[in-house]
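Working notes for the structure below.
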Amino acid sequence: MKNKSAFTLVELLVVIAIIGIISTLAVVSLTNARKSARDAKRIADIKQIQTALELYYQDNGQYPSTITDSIATSGNIYMQSFPTAPTPADGDCTDTNNAYTYTVSGTENSSYSLTFCLGSQTNDLSAGVKEAIPGGTIDFISPPTPWACGDNLIDSRDNSEYPTVEIGTQCWMKKNLAYLPAVYSLSGFVTQGSSSLPGYGVYGYDDNNVAAAKATSGYSTYGVFYNWYAVNQTNICPTGWSVPTKDQFTTLSQNEEATSSFAILPAGSMTGDGSFYGNGVLAFFWSSSEWQSGYSWYASFSTYDPQFGFQVYARNEGYSIRCIKD
């Protein structure tokens with residue numbers, strides 16, 4: 001009788017590899033099963049909470065303001081304890097959105113939102129953050145992040161984009177206003193001013209075509225020159241912004257970082273007698289403050305002097321505008 005030969009080394013390695021693959025598959029299968037079980041529990045929890053909320057609503061005519069540990073009134077218990085989402089978070093879920101979060105809304109607590117997160121497709125619900133509301137469950141849409149000073153401002157009138165900066169307690173545009181509803185040649189700008197009508201101009205441009213003016217480097221670099229009759233319109237700045245008063249400019253000038261943070265652009269001016277003046281050296285910014293008949297306040301800046309100055313001048317002059325947040 002022959003003796004049965006033992007495994008060769010190669011056969012032994014193959015067996016070990018197969019055992020490893022089987023073990024790995026078993027672990028993956030177990031892991032997936034646990035993930036599926038956690039998602040199934042999340043859905044079951046949410047349905048249980050929704051049922052309790054609807055029973056509460058039928059008896060009380062509104063949803064509870066908050067849910068801490070149970071859903072109950074002095075006379076009825078609709079849910080003994082508020083369930084905790086199973087951990088760990090799965091898929092794209094995080095520790096934060098894995099929690100069950102309840103908020104109430106509407107007149108007299110007439111609606112609610114209950115957010116939770118699924119790690120994978122479960123029944124007819126896709127993976128991700130979900131929002132249970134009266135009547136069903138939908139994909140959760142995060143509310144937009146509130147705008148804050150320092151974010152870019154988009155002017156909805158022409159889609160111009162402006163960086164902004166907080167200086168002290170004020171929020172300013174960091175670029176000259178570029179809103180251009182019309183444009184005038186040098187002579188046309190003079191006529192507008194002498195007629196006490198709004199005037200708009202662009203540095204280096206001596207014609208009246210808005211598209212052509214916007215295509216110039218003078219426009220892209222320095223924005224628009226406005227006479228004060230254009231300034232004195234409620235809608236010259238984007239919604240929620242306005243032309244600063246002299247007092248607001250004064251407050252700005254008292255901040256040490258004013259000139260650097262303000263990012264002054266020395267556009268010069270478009271004079272009321274028909275010429276361009278001071279480009280690259282001087283900056284002039286209209287305020288909304290009047291002085292006396294025919295004159296208004298403006299702030300000025302020279303590249304030779306790091307301080308703001310304040311003067312009054314005739315309203316037919318073309319200066320830049322920097323809007324301030326209301």
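Ordering of the structure tokens sets the chain letters (A, B, ...); residue numbers start at 1 within each chain; ligands are numbered from 1 in the order shown.
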
Residues at most 7 Å from Ala283 in chain A, counting only C-alpha atoms, excluding those fewer than 6 positions away in the same chain, as number ranges by chain? A: 265-268, 300-302

Just-selected residues, C-alpha atoms written as a compact mmCIF listing (two decimals), in the first residue's frame:
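So the final result, stored in selection_14.txt, reads:
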```
# COMPACT_ATOMS: atom_id res chain seq x y z
CA LEU A 265 -7.51 102.67 -7.75
CA PRO A 266 -6.27 106.10 -8.93
CA ALA A 267 -8.68 106.51 -11.83
CA GLY A 268 -8.45 110.31 -11.79
CA SER A 300 -9.81 112.17 -2.50
CA PHE A 301 -6.55 110.27 -2.40
CA SER A 302 -3.13 110.91 -3.93
```

Which residues, written as a PyMOL selection string, have at least one atom at most 8 Å from Tyr205 in chain A, with only C-alpha atoms counted and residues fewer than 3 positions away on the same chain left out? chain A and resi 185+201-202+213+216+218

If we count only C-alpha atoms and set the cut-off at 12 Å, which residues sit around Ser261 in chain A, ignoring sequence neighbours fewer than 6 positions away in its own chain? Please answer as a ChimeraX atom specification. /A:150,163-168,170-175,252-253,255

For the selection just defined, write its residues with N, CA and C atoms to a file, as an mmCIF file, in the first residue's frame.
```cif
data_model
loop_
_atom_site.group_PDB
_atom_site.id
_atom_site.type_symbol
_atom_site.label_atom_id
_atom_site.label_comp_id
_atom_site.auth_asym_id
_atom_site.auth_seq_id
_atom_site.Cartn_x
_atom_site.Cartn_y
_atom_site.Cartn_z
ATOM 1 N N GLY A 150 -16.360 90.061 2.752
ATOM 2 C CA GLY A 150 -15.164 89.306 2.386
ATOM 3 C C GLY A 150 -15.452 88.368 1.231
ATOM 4 N N PRO A 163 -14.887 92.128 -5.316
ATOM 5 C CA PRO A 163 -14.403 91.668 -4.009
ATOM 6 C C PRO A 163 -14.851 92.666 -2.949
ATOM 7 N N THR A 164 -15.022 92.224 -1.739
ATOM 8 C CA THR A 164 -15.432 93.111 -0.647
ATOM 9 C C THR A 164 -14.463 92.969 0.515
ATOM 10 N N VAL A 165 -14.460 93.954 1.390
ATOM 11 C CA VAL A 165 -13.549 93.935 2.527
ATOM 12 C C VAL A 165 -14.223 94.598 3.726
ATOM 13 N N GLU A 166 -13.990 94.026 4.900
ATOM 14 C CA GLU A 166 -14.485 94.624 6.140
ATOM 15 C C GLU A 166 -13.379 95.473 6.746
ATOM 16 N N ILE A 167 -13.673 96.740 6.962
ATOM 17 C CA ILE A 167 -12.725 97.668 7.565
ATOM 18 C C ILE A 167 -13.404 98.276 8.777
ATOM 19 N N GLY A 168 -12.930 97.922 9.955
ATOM 20 C CA GLY A 168 -13.617 98.344 11.175
ATOM 21 C C GLY A 168 -14.989 97.703 11.209
ATOM 22 N N GLN A 170 -17.337 98.575 8.979
ATOM 23 C CA GLN A 170 -17.928 98.823 7.670
ATOM 24 C C GLN A 170 -17.540 97.732 6.669
ATOM 25 N N CYS A 171 -18.400 97.523 5.688
ATOM 26 C CA CYS A 171 -18.117 96.588 4.608
ATOM 27 C C CYS A 171 -18.129 97.369 3.296
ATOM 28 N N TRP A 172 -17.007 97.315 2.563
ATOM 29 C CA TRP A 172 -16.829 98.099 1.349
ATOM 30 C C TRP A 172 -16.557 97.210 0.138
ATOM 31 N N MET A 173 -16.909 97.715 -1.052
ATOM 32 C CA MET A 173 -16.387 97.135 -2.280
ATOM 33 C C MET A 173 -14.890 97.441 -2.355
ATOM 34 N N LYS A 174 -14.123 96.513 -2.937
ATOM 35 C CA LYS A 174 -12.695 96.748 -3.131
ATOM 36 C C LYS A 174 -12.373 97.163 -4.566
ATOM 37 N N LYS A 175 -13.392 97.375 -5.385
ATOM 38 C CA LYS A 175 -13.207 97.866 -6.744
ATOM 39 C C LYS A 175 -14.176 99.008 -6.992
ATOM 40 N N LEU A 252 -14.194 105.629 7.845
ATOM 41 C CA LEU A 252 -13.208 104.816 7.134
ATOM 42 C C LEU A 252 -11.803 105.379 7.317
ATOM 43 N N SER A 253 -11.648 106.687 7.182
ATOM 44 C CA SER A 253 -10.326 107.311 7.235
ATOM 45 C C SER A 253 -9.674 107.177 8.605
ATOM 46 N N ASN A 255 -9.515 104.446 10.336
ATOM 47 C CA ASN A 255 -8.927 103.116 10.478
ATOM 48 C C ASN A 255 -7.528 103.100 9.894
#
```

Could you list, with a cut-off of 12 Å and counting only C-alpha atoms, the residues of range 29-56 of chain A near range 125-137 of chain A, each shown with its nearest atom pair and the distance in Å rounded to one decimal, rows sorted by chain and ascending number, as JSON lines?
```
{"residue": "A:Lys35", "atom": "CA", "partner": "A:Ala127", "partner_atom": "CA", "distance": 11.9}
{"residue": "A:Ser36", "atom": "CA", "partner": "A:Ala127", "partner_atom": "CA", "distance": 11.4}
{"residue": "A:Asp39", "atom": "CA", "partner": "A:Ala127", "partner_atom": "CA", "distance": 9.4}
{"residue": "A:Ala40", "atom": "CA", "partner": "A:Leu125", "partner_atom": "CA", "distance": 11.0}
{"residue": "A:Arg42", "atom": "CA", "partner": "A:Lys130", "partner_atom": "CA", "distance": 10.8}
{"residue": "A:Ile43", "atom": "CA", "partner": "A:Leu125", "partner_atom": "CA", "distance": 9.4}
{"residue": "A:Asp45", "atom": "CA", "partner": "A:Ala132", "partner_atom": "CA", "distance": 11.3}
{"residue": "A:Ile46", "atom": "CA", "partner": "A:Ala132", "partner_atom": "CA", "distance": 7.5}
{"residue": "A:Lys47", "atom": "CA", "partner": "A:Ala132", "partner_atom": "CA", "distance": 8.8}
{"residue": "A:Gln48", "atom": "CA", "partner": "A:Ala132", "partner_atom": "CA", "distance": 11.5}
{"residue": "A:Ile49", "atom": "CA", "partner": "A:Ala132", "partner_atom": "CA", "distance": 9.7}
{"residue": "A:Gln50", "atom": "CA", "partner": "A:Pro134", "partner_atom": "CA", "distance": 7.7}
{"residue": "A:Thr51", "atom": "CA", "partner": "A:Pro134", "partner_atom": "CA", "distance": 9.9}
{"residue": "A:Ala52", "atom": "CA", "partner": "A:Pro134", "partner_atom": "CA", "distance": 11.6}
{"residue": "A:Leu53", "atom": "CA", "partner": "A:Pro134", "partner_atom": "CA", "distance": 8.9}
{"residue": "A:Glu54", "atom": "CA", "partner": "A:Pro134", "partner_atom": "CA", "distance": 8.0}
{"residue": "A:Leu55", "atom": "CA", "partner": "A:Pro134", "partner_atom": "CA", "distance": 11.8}
```

Might you pull out every residue within 10 Å of Ser111 in chain A, with only C-alpha atoms counted and same-chain residues fewer than 2 positions away left off, and present them as an MDAnalysis selection string? chainID A and resid 57 62:64 103:109 113 133:134

Save the residues we just selected, C-alpha atoms, as a PDB file, in the first residue's frame?
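New file out38.pdb:
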```
ATOM      1  CA  TYR A  57     -50.404  66.292  15.522  1.00  0.00           C
ATOM      2  CA  GLN A  62     -49.403  71.023  15.850  1.00  0.00           C
ATOM      3  CA  TYR A  63     -46.053  69.259  15.937  1.00  0.00           C
ATOM      4  CA  PRO A  64     -43.891  69.390  19.090  1.00  0.00           C
ATOM      5  CA  THR A 103     -36.711  71.085  13.587  1.00  0.00           C
ATOM      6  CA  VAL A 104     -40.216  72.496  13.498  1.00  0.00           C
ATOM      7  CA  SER A 105     -41.471  75.247  11.200  1.00  0.00           C
ATOM      8  CA  GLY A 106     -44.580  76.937   9.834  1.00  0.00           C
ATOM      9  CA  THR A 107     -47.409  78.841  11.472  1.00  0.00           C
ATOM     10  CA  GLU A 108     -48.229  77.262  14.839  1.00  0.00           C
ATOM     11  CA  ASN A 109     -45.711  74.433  14.273  1.00  0.00           C
ATOM     12  CA  SER A 113     -38.033  68.521   9.134  1.00  0.00           C
ATOM     13  CA  ILE A 133     -41.247  65.808   6.218  1.00  0.00           C
ATOM     14  CA  PRO A 134     -45.020  65.428   6.663  1.00  0.00           C
TER      15      PRO A 134
END
```

Neighbour list for Gly294 in chain A as a PyMOL selection string, cut-off 7 Å, only C-alpha atoms, skip fewer than 2 positions in-chain: chain A and resi 292+314-315

Which of range 91-300 of chain A DSSP labels strand (DSSP E or B), written as a PyMOL selection string: chain A and resi 101-105+111-118+122+125+128-133+136-139+149+151+153-154+161-162+164-167+170-173+200-201+225-226+241-242+268-270+276-277+282-292+295-300
